[in-house]
Amino acid sequence: MTSIIKILSDHVINKIAAGEVVERPASVVKELIENSIDAGATEIFIDIEEAGRRLIRITDNGSGMSKEDARTAFMRHATSKIADDADLESIRTMGFRGEALSSIASVSHVRLVSAMKDATSGALIEIEGGIVKAISEAAAPQGTTLEIGHLFYNTPARRKFLKSPATEFSHILTTVSRQVMAHPAIRFRLTHNKKSVLDFPPSLSIKERVFQLSGGAIAEDLIEFSGGRDSVHVHGLIGRPGSTRADKTYQDFFVNRRAVKNPSLTHALYSAYGDMLMRDRHPVAFIFIEIDPALVDVNVHPAKAEVRFRNQSQLHDLVRDVIREALRGMNASSATTHADGIREAVSDYLQSAECGVRNAEWRNTTSRSAAVGQNREMEFSPFPVSDAFHSELRTPNSALLHPLAQIHDSFIIAQSREGMAIIDQHAAHERVLFEKLQNQYGAGRVPVQDLLVPDQVELGPAQSVVLAAYLPELSKLGFLVEDFGNNTFVIKAVPVLLVGADYKQLLLDILDEVNIHGKSGKMEKVRDEMLSVMACHPAIKVHRHLDQQEMEQLLADLFKCRMPHTCPHGRPTVVRFSMAEIMRMFKRI
Ligand code: ADP
Ligand code: MG
């Protein structure tokens, strides 16, 4: 009998580990920064070329390594951070698995220069695909420099799966930003293709870093909070309920300064906001939990991106309560923002009208799947009527709608040839603007209006990079935004159709769409989402009185559209009732 089971070689094992630990250039950056932090560095310089494909260089002024240790560090399961299994119970360092360097070295070319304090000389090591090519002494200042080149050169599948340089760099920037936020005492500098992207001197507070990283436009709506119990301290910054976003780009959780994902913590955040949050809206939140390491298990994910808590449900409740308290305090102490005011007005209206429409004003109340059709229509049905009473969307003769009245300054009641119709004025106007913008874009000339006083928007470094990549596309859409450097953008001109909107909010909302859809690489989809956000802003809101002529104009415009029956987000614009249905409701037939 021959045996077919073999023990894999270290080389293969490292490559397998690399598959988990080194998903993309950003993972290398994360692991190396963590090592520098663990080495006690007070300065970490990160230089990236070609989004990490060409070069990732991390230089720190930490403890450095001896020549012997520098050699050992690249071996599998080599770590100075834990010694036995008891240590696993209480991890106080960022690393502990001893597999980052060996994994990285197995799929790239690595050059390391390191020197310890007061050492007479430092060490230099060169490794290619896990094989040591050179090792010698070298003069070096205290600290460590690691250069990673030819990443994934021997794993073509991984290399092929890398996204565009813009996307890969945005992952790197997100990774770096999280570390920058969590370690205010460390100076961080990041360059890309030799251009400075961020450079933060040591700062005393997380707050300062959060403000710098999220940018003025987001930071102005943040409030600081802090609280805790026993050995747990929860603190950070959260956004006002009136300034939520369409995705979770501005949400980060840190446990003992390690960025993590944890469904229970996310749940705690959302339940703290409770019904202050509209459907499909997400709070801005940077949440830090400082907890006895013995109460956290960080050994549940190869890239240490997840954690488990010993007392999950107590922690959940604590986080929820601390945030809830902060939100309450904020409502009591500060005047409500403009957005809060609108939200309150709308929800008051919806309650008093006792209708099932979630909110005609807020564009993101529907799911992004934008399922159009009967179900969706039912969900927004203004009357609690059964399926049978629901007419289908009928296309012919739509123009024969004759507006009779407006109810609650929000919906138009119209007579149709076959019965009656209710039109959501905001949704209808959104559709009209959307198609107008689309047509103008299609014809290659969107009429624009220069702003006399250009609007200035300050973003964080990560969002600046994302926006900068979309400026040419935005300008084709008639939205002329200039990059002023230093993460500052200036809105110079807007499409004529958008004149009068809140351009700064509009830009942030457009950025949300890019965050959500940009990674798909489908420009057409991103463009349509941008257009639908643009259409939403100036569209006639609920609570706006329309006279007879305006109602007629709106309906006429609506039925000139290619797809008059839904708004760009997929909600219905018109709900129709046939005479037969009305008669059935009144038990006449
Ligand atoms: P881990 O961080 O889990 O210990 P790594 O493979 O990331 O494993 O690193 C292996 C070892 O190399 C570390 O335990 C540490 O002793 C040493 N090391 C790595 N990077 C640095 C650095 N920048 N400065 C000093 N020592 C380092
Ligand atoms: Mg490590």
# chains A, B, ... in the order shown; residues from 1 in each chain; ligands from 1
>>> residues_near_ligand(ligand="ligand 2", cutoff="8 Å", atoms="only C-alpha atoms and all ligand atoms", output="PyMOL selection string")
chain A and resi 31-32+34-35+38+79+94-101
>>> write_last_selection(atoms="C-alpha atoms", output="JSON list (two decimals), in the first residue's frame")
[["chain", "number", "residue", "atom", "x", "y", "z"],
["A", 31, "GLU", "CA", 0.28, 44.02, 8.75],
["A", 32, "LEU", "CA", 3.42, 46.10, 8.44],
["A", 34, "GLU", "CA", 0.80, 46.81, 13.01],
["A", 35, "ASN", "CA", 4.35, 45.51, 13.36],
["A", 38, "ASP", "CA", 4.05, 46.82, 18.19],
["A", 79, "THR", "CA", 6.88, 35.88, 16.84],
["A", 94, "MET", "CA", -1.57, 44.06, 17.36],
["A", 95, "GLY", "CA", 0.20, 40.95, 16.10],
["A", 96, "PHE", "CA", 0.68, 37.54, 17.70],
["A", 97, "ARG", "CA", 0.22, 34.93, 14.97],
["A", 98, "GLY", "CA", 3.74, 35.16, 13.60],
["A", 99, "GLU", "CA", 2.64, 34.66, 10.02],
["A", 100, "ALA", "CA", 2.55, 38.08, 8.41],
["A", 101, "LEU", "CA", 6.20, 38.41, 7.42]]
>>> residues_around(residues="A:Ile206", least_positions_apart="5", cutoff="10 Å", atoms="only C-alpha atoms", output="PDB file with N, CA and C atoms, in the first residue's frame")
ATOM      1  N   VAL A 180      -4.265  55.612  11.629  1.00  0.00           N
ATOM      2  CA  VAL A 180      -3.973  57.001  11.983  1.00  0.00           C
ATOM      3  C   VAL A 180      -4.955  57.486  13.057  1.00  0.00           C
ATOM      4  N   MET A 181      -6.203  57.099  12.874  1.00  0.00           N
ATOM      5  CA  MET A 181      -7.246  57.518  13.805  1.00  0.00           C
ATOM      6  C   MET A 181      -7.037  56.904  15.186  1.00  0.00           C
ATOM      7  N   ALA A 182      -6.657  55.624  15.182  1.00  0.00           N
ATOM      8  CA  ALA A 182      -6.589  54.882  16.443  1.00  0.00           C
ATOM      9  C   ALA A 182      -5.310  55.151  17.226  1.00  0.00           C
ATOM     10  N   HIS A 183      -4.314  55.733  16.571  1.00  0.00           N
ATOM     11  CA  HIS A 183      -3.032  55.944  17.260  1.00  0.00           C
ATOM     12  C   HIS A 183      -2.588  57.391  17.135  1.00  0.00           C
ATOM     13  N   PRO A 184      -3.279  58.273  17.853  1.00  0.00           N
ATOM     14  CA  PRO A 184      -3.003  59.699  17.698  1.00  0.00           C
ATOM     15  C   PRO A 184      -1.582  60.096  18.103  1.00  0.00           C
ATOM     16  N   ALA A 185      -0.952  59.309  18.970  1.00  0.00           N
ATOM     17  CA  ALA A 185       0.375  59.713  19.438  1.00  0.00           C
ATOM     18  C   ALA A 185       1.462  59.451  18.397  1.00  0.00           C
ATOM     19  N   PHE A 211     -11.398  64.312  13.102  1.00  0.00           N
ATOM     20  CA  PHE A 211     -11.781  65.515  12.367  1.00  0.00           C
ATOM     21  C   PHE A 211     -10.940  65.668  11.097  1.00  0.00           C
ATOM     22  N   GLN A 212      -9.625  65.427  11.242  1.00  0.00           N
ATOM     23  CA  GLN A 212      -8.760  65.589  10.071  1.00  0.00           C
ATOM     24  C   GLN A 212      -9.081  64.537   9.010  1.00  0.00           C
ATOM     25  N   HIS A 235     -15.919  55.115  23.885  1.00  0.00           N
ATOM     26  CA  HIS A 235     -15.846  56.537  23.558  1.00  0.00           C
ATOM     27  C   HIS A 235     -15.702  56.713  22.060  1.00  0.00           C
ATOM     28  N   GLY A 236     -15.797  57.937  21.622  1.00  0.00           N
ATOM     29  CA  GLY A 236     -15.627  58.188  20.199  1.00  0.00           C
ATOM     30  C   GLY A 236     -16.462  59.356  19.734  1.00  0.00           C
ATOM     31  N   LEU A 237     -16.804  59.331  18.447  1.00  0.00           N
ATOM     32  CA  LEU A 237     -17.607  60.408  17.871  1.00  0.00           C
ATOM     33  C   LEU A 237     -18.708  59.820  17.010  1.00  0.00           C
ATOM     34  N   PHE A 286     -17.553  56.704  14.833  1.00  0.00           N
ATOM     35  CA  PHE A 286     -16.199  56.201  15.081  1.00  0.00           C
ATOM     36  C   PHE A 286     -16.182  55.787  16.543  1.00  0.00           C
ATOM     37  N   PHE A 288     -14.776  53.635  19.785  1.00  0.00           N
ATOM     38  CA  PHE A 288     -13.607  52.994  20.392  1.00  0.00           C
ATOM     39  C   PHE A 288     -14.012  52.298  21.675  1.00  0.00           C
TER      40      PHE A 288
END
>>> closest_residue(among="A:Ser3, A:Thr93, A:Ser27, A:Ser532", to="ligand 1", atoms="only C-alpha atoms and all ligand atoms")
A:Thr93
>>> residues_around(residues="A:Leu146", least_positions_apart="5", cutoff="6 Å", atoms="only C-alpha atoms", output="list in words")
Arg57, Ile58, Arg111 and Leu112 of chain A
>>> atom_distance(atom1="atom CA of A:Ala39", atom2="atom CA of A:Gln251")
27.7 Å
>>> residues_around(residues="A:Val574", least_positions_apart="5", cutoff="9 Å", atoms="only C-alpha atoms", output="NGL selection string")
:A and (393 or 421-424 or 427-428 or 564-566)
>>> residues_around(residues="A:Asn439", least_positions_apart="4", cutoff="12 Å", atoms="only C-alpha atoms", output="number ranges by chain")
A: 432-435, 443-447, 477, 528, 531, 561-562
>>> closest_residue(among="A:Thr144, A:Ala17, A:Val12, A:Val113", to="ligand 1", atoms="only C-alpha atoms and all ligand atoms")
A:Thr144
>>> atom_distance(atom1="atom CA of A:Met523", atom2="atom CA of A:Ala539")
24.2 Å
>>> residues_around(residues="A:Leu498", least_positions_apart="5", cutoff="12 Å", atoms="only C-alpha atoms", output="PDB file with N, CA, C and O atoms, in the first residue's frame")
ATOM      1  N   GLU A 430     -38.854  64.115  -9.308  1.00  0.00           N
ATOM      2  CA  GLU A 430     -37.537  63.484  -9.390  1.00  0.00           C
ATOM      3  C   GLU A 430     -37.361  62.788 -10.737  1.00  0.00           C
ATOM      4  O   GLU A 430     -36.321  62.871 -11.371  1.00  0.00           O
ATOM      5  N   LEU A 433     -36.837  65.401 -13.492  1.00  0.00           N
ATOM      6  CA  LEU A 433     -35.498  65.987 -13.487  1.00  0.00           C
ATOM      7  C   LEU A 433     -34.446  64.969 -13.921  1.00  0.00           C
ATOM      8  O   LEU A 433     -33.513  65.289 -14.654  1.00  0.00           O
ATOM      9  N   PHE A 434     -34.626  63.752 -13.446  1.00  0.00           N
ATOM     10  CA  PHE A 434     -33.677  62.690 -13.770  1.00  0.00           C
ATOM     11  C   PHE A 434     -33.563  62.510 -15.278  1.00  0.00           C
ATOM     12  O   PHE A 434     -32.476  62.486 -15.850  1.00  0.00           O
ATOM     13  N   LYS A 436     -34.516  64.598 -17.585  1.00  0.00           N
ATOM     14  CA  LYS A 436     -33.996  65.814 -18.233  1.00  0.00           C
ATOM     15  C   LYS A 436     -32.471  65.827 -18.170  1.00  0.00           C
ATOM     16  O   LYS A 436     -31.791  66.095 -19.153  1.00  0.00           O
ATOM     17  N   LEU A 437     -31.962  65.519 -16.975  1.00  0.00           N
ATOM     18  CA  LEU A 437     -30.503  65.493 -16.818  1.00  0.00           C
ATOM     19  C   LEU A 437     -29.886  64.429 -17.721  1.00  0.00           C
ATOM     20  O   LEU A 437     -28.858  64.649 -18.363  1.00  0.00           O
ATOM     21  N   VAL A 446     -24.828  69.696 -20.960  1.00  0.00           N
ATOM     22  CA  VAL A 446     -25.647  69.998 -19.789  1.00  0.00           C
ATOM     23  C   VAL A 446     -25.483  71.492 -19.512  1.00  0.00           C
ATOM     24  O   VAL A 446     -24.374  71.948 -19.241  1.00  0.00           O
ATOM     25  N   PRO A 447     -26.550  72.276 -19.640  1.00  0.00           N
ATOM     26  CA  PRO A 447     -26.417  73.713 -19.354  1.00  0.00           C
ATOM     27  C   PRO A 447     -25.985  73.920 -17.903  1.00  0.00           C
ATOM     28  O   PRO A 447     -26.568  73.320 -17.008  1.00  0.00           O
ATOM     29  N   VAL A 448     -24.955  74.727 -17.721  1.00  0.00           N
ATOM     30  CA  VAL A 448     -24.475  74.933 -16.356  1.00  0.00           C
ATOM     31  C   VAL A 448     -24.571  76.397 -15.962  1.00  0.00           C
ATOM     32  O   VAL A 448     -24.630  77.291 -16.802  1.00  0.00           O
ATOM     33  N   GLN A 449     -24.584  76.582 -14.674  1.00  0.00           N
ATOM     34  CA  GLN A 449     -24.633  77.932 -14.123  1.00  0.00           C
ATOM     35  C   GLN A 449     -23.410  78.112 -13.222  1.00  0.00           C
ATOM     36  O   GLN A 449     -23.196  77.314 -12.308  1.00  0.00           O
ATOM     37  N   ASP A 450     -22.617  79.138 -13.512  1.00  0.00           N
ATOM     38  CA  ASP A 450     -21.471  79.394 -12.631  1.00  0.00           C
ATOM     39  C   ASP A 450     -21.971  79.907 -11.289  1.00  0.00           C
ATOM     40  O   ASP A 450     -22.935  80.663 -11.242  1.00  0.00           O
ATOM     41  N   LEU A 451     -21.306  79.508 -10.232  1.00  0.00           N
ATOM     42  CA  LEU A 451     -21.691  80.026  -8.920  1.00  0.00           C
ATOM     43  C   LEU A 451     -20.907  81.308  -8.651  1.00  0.00           C
ATOM     44  O   LEU A 451     -19.685  81.333  -8.796  1.00  0.00           O
ATOM     45  N   LEU A 477     -21.280  65.834 -16.168  1.00  0.00           N
ATOM     46  CA  LEU A 477     -22.665  65.915 -15.714  1.00  0.00           C
ATOM     47  C   LEU A 477     -23.060  67.355 -15.374  1.00  0.00           C
ATOM     48  O   LEU A 477     -24.148  67.616 -14.897  1.00  0.00           O
ATOM     49  N   GLY A 478     -22.142  68.275 -15.578  1.00  0.00           N
ATOM     50  CA  GLY A 478     -22.478  69.675 -15.357  1.00  0.00           C
ATOM     51  C   GLY A 478     -22.118  70.178 -13.971  1.00  0.00           C
ATOM     52  O   GLY A 478     -22.433  71.305 -13.608  1.00  0.00           O
ATOM     53  N   PHE A 479     -21.471  69.328 -13.203  1.00  0.00           N
ATOM     54  CA  PHE A 479     -21.120  69.692 -11.838  1.00  0.00           C
ATOM     55  C   PHE A 479     -19.621  69.959 -11.833  1.00  0.00           C
ATOM     56  O   PHE A 479     -18.816  69.032 -11.811  1.00  0.00           O
ATOM     57  N   ALA A 493     -19.462  75.385 -10.605  1.00  0.00           N
ATOM     58  CA  ALA A 493     -20.673  75.524 -11.415  1.00  0.00           C
ATOM     59  C   ALA A 493     -21.531  74.283 -11.246  1.00  0.00           C
ATOM     60  O   ALA A 493     -21.025  73.205 -10.945  1.00  0.00           O
ATOM     61  N   TYR A 503     -25.625  72.563  -2.429  1.00  0.00           N
ATOM     62  CA  TYR A 503     -24.601  71.906  -3.256  1.00  0.00           C
ATOM     63  C   TYR A 503     -23.627  71.060  -2.440  1.00  0.00           C
ATOM     64  O   TYR A 503     -23.137  70.032  -2.896  1.00  0.00           O
ATOM     65  N   LEU A 506     -25.257  67.926  -1.571  1.00  0.00           N
ATOM     66  CA  LEU A 506     -25.383  67.192  -2.819  1.00  0.00           C
ATOM     67  C   LEU A 506     -24.075  66.474  -3.144  1.00  0.00           C
ATOM     68  O   LEU A 506     -24.065  65.295  -3.512  1.00  0.00           O
ATOM     69  N   LEU A 507     -22.981  67.171  -2.956  1.00  0.00           N
ATOM     70  CA  LEU A 507     -21.691  66.564  -3.256  1.00  0.00           C
ATOM     71  C   LEU A 507     -21.421  65.375  -2.329  1.00  0.00           C
ATOM     72  O   LEU A 507     -20.942  64.327  -2.765  1.00  0.00           O
ATOM     73  N   LEU A 531     -26.829  60.841 -11.121  1.00  0.00           N
ATOM     74  CA  LEU A 531     -27.917  61.636 -11.688  1.00  0.00           C
ATOM     75  C   LEU A 531     -29.157  61.558 -10.812  1.00  0.00           C
ATOM     76  O   LEU A 531     -29.875  62.545 -10.647  1.00  0.00           O
ATOM     77  N   SER A 532     -29.413  60.374 -10.235  1.00  0.00           N
ATOM     78  CA  SER A 532     -30.630  60.283  -9.448  1.00  0.00           C
ATOM     79  C   SER A 532     -30.493  61.075  -8.145  1.00  0.00           C
ATOM     80  O   SER A 532     -31.465  61.655  -7.663  1.00  0.00           O
ATOM     81  N   VAL A 533     -29.287  61.127  -7.598  1.00  0.00           N
ATOM     82  CA  VAL A 533     -29.080  61.990  -6.423  1.00  0.00           C
ATOM     83  C   VAL A 533     -29.261  63.451  -6.822  1.00  0.00           C
ATOM     84  O   VAL A 533     -29.889  64.250  -6.127  1.00  0.00           O
ATOM     85  N   MET A 534     -28.732  63.789  -7.986  1.00  0.00           N
ATOM     86  CA  MET A 534     -28.859  65.171  -8.443  1.00  0.00           C
ATOM     87  C   MET A 534     -30.322  65.536  -8.668  1.00  0.00           C
ATOM     88  O   MET A 534     -30.751  66.654  -8.377  1.00  0.00           O
ATOM     89  N   ALA A 535     -31.075  64.570  -9.164  1.00  0.00           N
ATOM     90  CA  ALA A 535     -32.487  64.839  -9.430  1.00  0.00           C
ATOM     91  C   ALA A 535     -33.258  64.996  -8.125  1.00  0.00           C
ATOM     92  O   ALA A 535     -34.252  65.716  -8.056  1.00  0.00           O
ATOM     93  N   CYS A 536     -32.802  64.301  -7.093  1.00  0.00           N
ATOM     94  CA  CYS A 536     -33.555  64.315  -5.841  1.00  0.00           C
ATOM     95  C   CYS A 536     -33.460  65.662  -5.126  1.00  0.00           C
ATOM     96  O   CYS A 536     -34.418  66.148  -4.557  1.00  0.00           O
ATOM     97  N   HIS A 537     -32.280  66.257  -5.190  1.00  0.00           N
ATOM     98  CA  HIS A 537     -32.063  67.455  -4.364  1.00  0.00           C
ATOM     99  C   HIS A 537     -32.988  68.623  -4.675  1.00  0.00           C
ATOM    100  O   HIS A 537     -33.609  69.170  -3.776  1.00  0.00           O
ATOM    101  N   PRO A 538     -33.077  69.024  -5.950  1.00  0.00           N
ATOM    102  CA  PRO A 538     -33.932  70.181  -6.187  1.00  0.00           C
ATOM    103  C   PRO A 538     -35.397  69.797  -6.389  1.00  0.00           C
ATOM    104  O   PRO A 538     -36.238  70.680  -6.508  1.00  0.00           O
ATOM    105  N   ALA A 539     -35.700  68.506  -6.408  1.00  0.00           N
ATOM    106  CA  ALA A 539     -37.073  68.114  -6.730  1.00  0.00           C
ATOM    107  C   ALA A 539     -38.037  68.688  -5.695  1.00  0.00           C
ATOM    108  O   ALA A 539     -37.692  68.861  -4.531  1.00  0.00           O
ATOM    109  N   ILE A 540     -39.240  68.962  -6.179  1.00  0.00           N
ATOM    110  CA  ILE A 540     -40.289  69.513  -5.314  1.00  0.00           C
ATOM    111  C   ILE A 540     -40.467  68.584  -4.129  1.00  0.00           C
ATOM    112  O   ILE A 540     -40.610  67.386  -4.281  1.00  0.00           O
TER     113      ILE A 540
END
>>> select_by_dssp(residues="stretch 38-83 of chain A", states="strand (DSSP E or B)", output="list in words")
Glu43, Ile44, Phe45, Ile46, Asp47, Ile48, Glu49, Leu55, Ile56, Arg57, Ile58, Thr59 and Asp60 of chain A
>>> write_last_selection(atoms="N, CA and C atoms", output="PDB file, in the first residue's frame")
ATOM      1  N   GLU A  43       7.025  57.162  14.853  1.00  0.00           N
ATOM      2  CA  GLU A  43       6.921  57.704  13.490  1.00  0.00           C
ATOM      3  C   GLU A  43       6.809  56.541  12.524  1.00  0.00           C
ATOM      4  N   ILE A  44       5.818  56.599  11.667  1.00  0.00           N
ATOM      5  CA  ILE A  44       5.672  55.546  10.661  1.00  0.00           C
ATOM      6  C   ILE A  44       5.472  56.220   9.303  1.00  0.00           C
ATOM      7  N   PHE A  45       6.371  55.921   8.389  1.00  0.00           N
ATOM      8  CA  PHE A  45       6.275  56.489   7.038  1.00  0.00           C
ATOM      9  C   PHE A  45       5.881  55.391   6.069  1.00  0.00           C
ATOM     10  N   ILE A  46       4.909  55.663   5.262  1.00  0.00           N
ATOM     11  CA  ILE A  46       4.418  54.653   4.326  1.00  0.00           C
ATOM     12  C   ILE A  46       4.544  55.228   2.918  1.00  0.00           C
ATOM     13  N   ASP A  47       5.304  54.567   2.076  1.00  0.00           N
ATOM     14  CA  ASP A  47       5.450  55.031   0.691  1.00  0.00           C
ATOM     15  C   ASP A  47       4.932  53.957  -0.241  1.00  0.00           C
ATOM     16  N   ILE A  48       4.029  54.371  -1.099  1.00  0.00           N
ATOM     17  CA  ILE A  48       3.385  53.414  -1.996  1.00  0.00           C
ATOM     18  C   ILE A  48       3.662  53.848  -3.432  1.00  0.00           C
ATOM     19  N   GLU A  49       3.946  52.869  -4.286  1.00  0.00           N
ATOM     20  CA  GLU A  49       4.022  53.192  -5.710  1.00  0.00           C
ATOM     21  C   GLU A  49       3.113  52.257  -6.484  1.00  0.00           C
ATOM     22  N   LEU A  55       5.600  49.043  -5.343  1.00  0.00           N
ATOM     23  CA  LEU A  55       6.347  49.166  -4.081  1.00  0.00           C
ATOM     24  C   LEU A  55       5.440  49.504  -2.902  1.00  0.00           C
ATOM     25  N   ILE A  56       5.746  48.811  -1.801  1.00  0.00           N
ATOM     26  CA  ILE A  56       5.178  49.204  -0.509  1.00  0.00           C
ATOM     27  C   ILE A  56       6.382  49.339   0.413  1.00  0.00           C
ATOM     28  N   ARG A  57       6.603  50.542   0.941  1.00  0.00           N
ATOM     29  CA  ARG A  57       7.736  50.702   1.852  1.00  0.00           C
ATOM     30  C   ARG A  57       7.242  51.291   3.170  1.00  0.00           C
ATOM     31  N   ILE A  58       7.570  50.611   4.258  1.00  0.00           N
ATOM     32  CA  ILE A  58       7.186  51.115   5.571  1.00  0.00           C
ATOM     33  C   ILE A  58       8.454  51.329   6.377  1.00  0.00           C
ATOM     34  N   THR A  59       8.610  52.540   6.871  1.00  0.00           N
ATOM     35  CA  THR A  59       9.797  52.856   7.670  1.00  0.00           C
ATOM     36  C   THR A  59       9.342  53.283   9.056  1.00  0.00           C
ATOM     37  N   ASP A  60       9.929  52.671  10.082  1.00  0.00           N
ATOM     38  CA  ASP A  60       9.554  53.098  11.436  1.00  0.00           C
ATOM     39  C   ASP A  60      10.781  53.386  12.272  1.00  0.00           C
TER      40      ASP A  60
END
>>> residues_around(residues="stretch 310-322 of chain A", least_positions_apart="6", cutoff="12 Å", atoms="only C-alpha atoms", output="VMD selection string")
chain A and resid 89 to 90 224 to 238 253 255 262 to 274 287 to 298 328 to 329
>>> closest_residue(among="A:Thr167, A:Ser410, A:Thr42, A:Ser102", to="ligand 1", atoms="only C-alpha atoms and all ligand atoms")
A:Ser102
>>> closest_residue(among="A:Ala51, A:Leu198, A:Ala405, A:Ala119", to="A:Gln142", atoms="only C-alpha atoms")
A:Ala119
>>> atom_distance(atom1="atom CA of A:Tyr470", atom2="atom CA of A:Leu277")
28.8 Å
>>> closest_atom_pairs(of="stretch 397-458 of chain A", to="stretch 576-588 of chain A", cutoff="12 Å", atoms="only C-alpha atoms", output="tab-separated table")
residue	atom	partner	partner_atom	distance
A:Ser398	CA	A:Arg576	CA	10.3
A:Leu401	CA	A:Arg576	CA	10.3
A:Ile412	CA	A:Arg576	CA	11.7
A:Ile413	CA	A:Arg576	CA	10.0
A:Ala414	CA	A:Arg576	CA	9.3
A:Gln415	CA	A:Arg576	CA	9.5
A:Ser416	CA	A:Arg576	CA	8.3
A:Arg417	CA	A:Ser578	CA	8.6
A:Glu418	CA	A:Ser578	CA	5.2
A:Gly419	CA	A:Ser578	CA	4.3
A:Met420	CA	A:Phe577	CA	5.3
A:Ala421	CA	A:Arg576	CA	4.2
A:Ile422	CA	A:Arg576	CA	6.4
A:Ile423	CA	A:Arg576	CA	8.7
A:Asp424	CA	A:Arg576	CA	11.5
>>> closest_residue(among="A:Leu546, A:Val490, A:Val514, A:Leu467", to="A:Pro403", atoms="only C-alpha atoms")
A:Leu546
>>> closest_residue(among="A:Arg71, A:Arg279, A:His429, A:His408", to="A:Asp557", atoms="only C-alpha atoms")
A:His429
>>> select_by_dssp(residues="stretch 126-350 of chain A", states="alpha helix (DSSP H)", output="JSON, numbers by chain")
{"A": [156, 157, 158, 159, 160, 165, 166, 167, 168, 169, 170, 171, 172, 173, 174, 175, 176, 177, 178, 179, 180, 181, 182, 206, 207, 208, 209, 210, 211, 212, 213, 214, 215, 216, 217, 218, 219, 263, 264, 265, 266, 267, 268, 269, 270, 271, 272, 273, 312, 313, 314, 315, 316, 317, 318, 319, 320, 321, 322, 323, 324, 325, 326, 327, 328, 329, 330, 331, 332, 333, 338, 339, 340, 341, 342, 343, 344, 345, 346, 347, 348, 349, 350]}
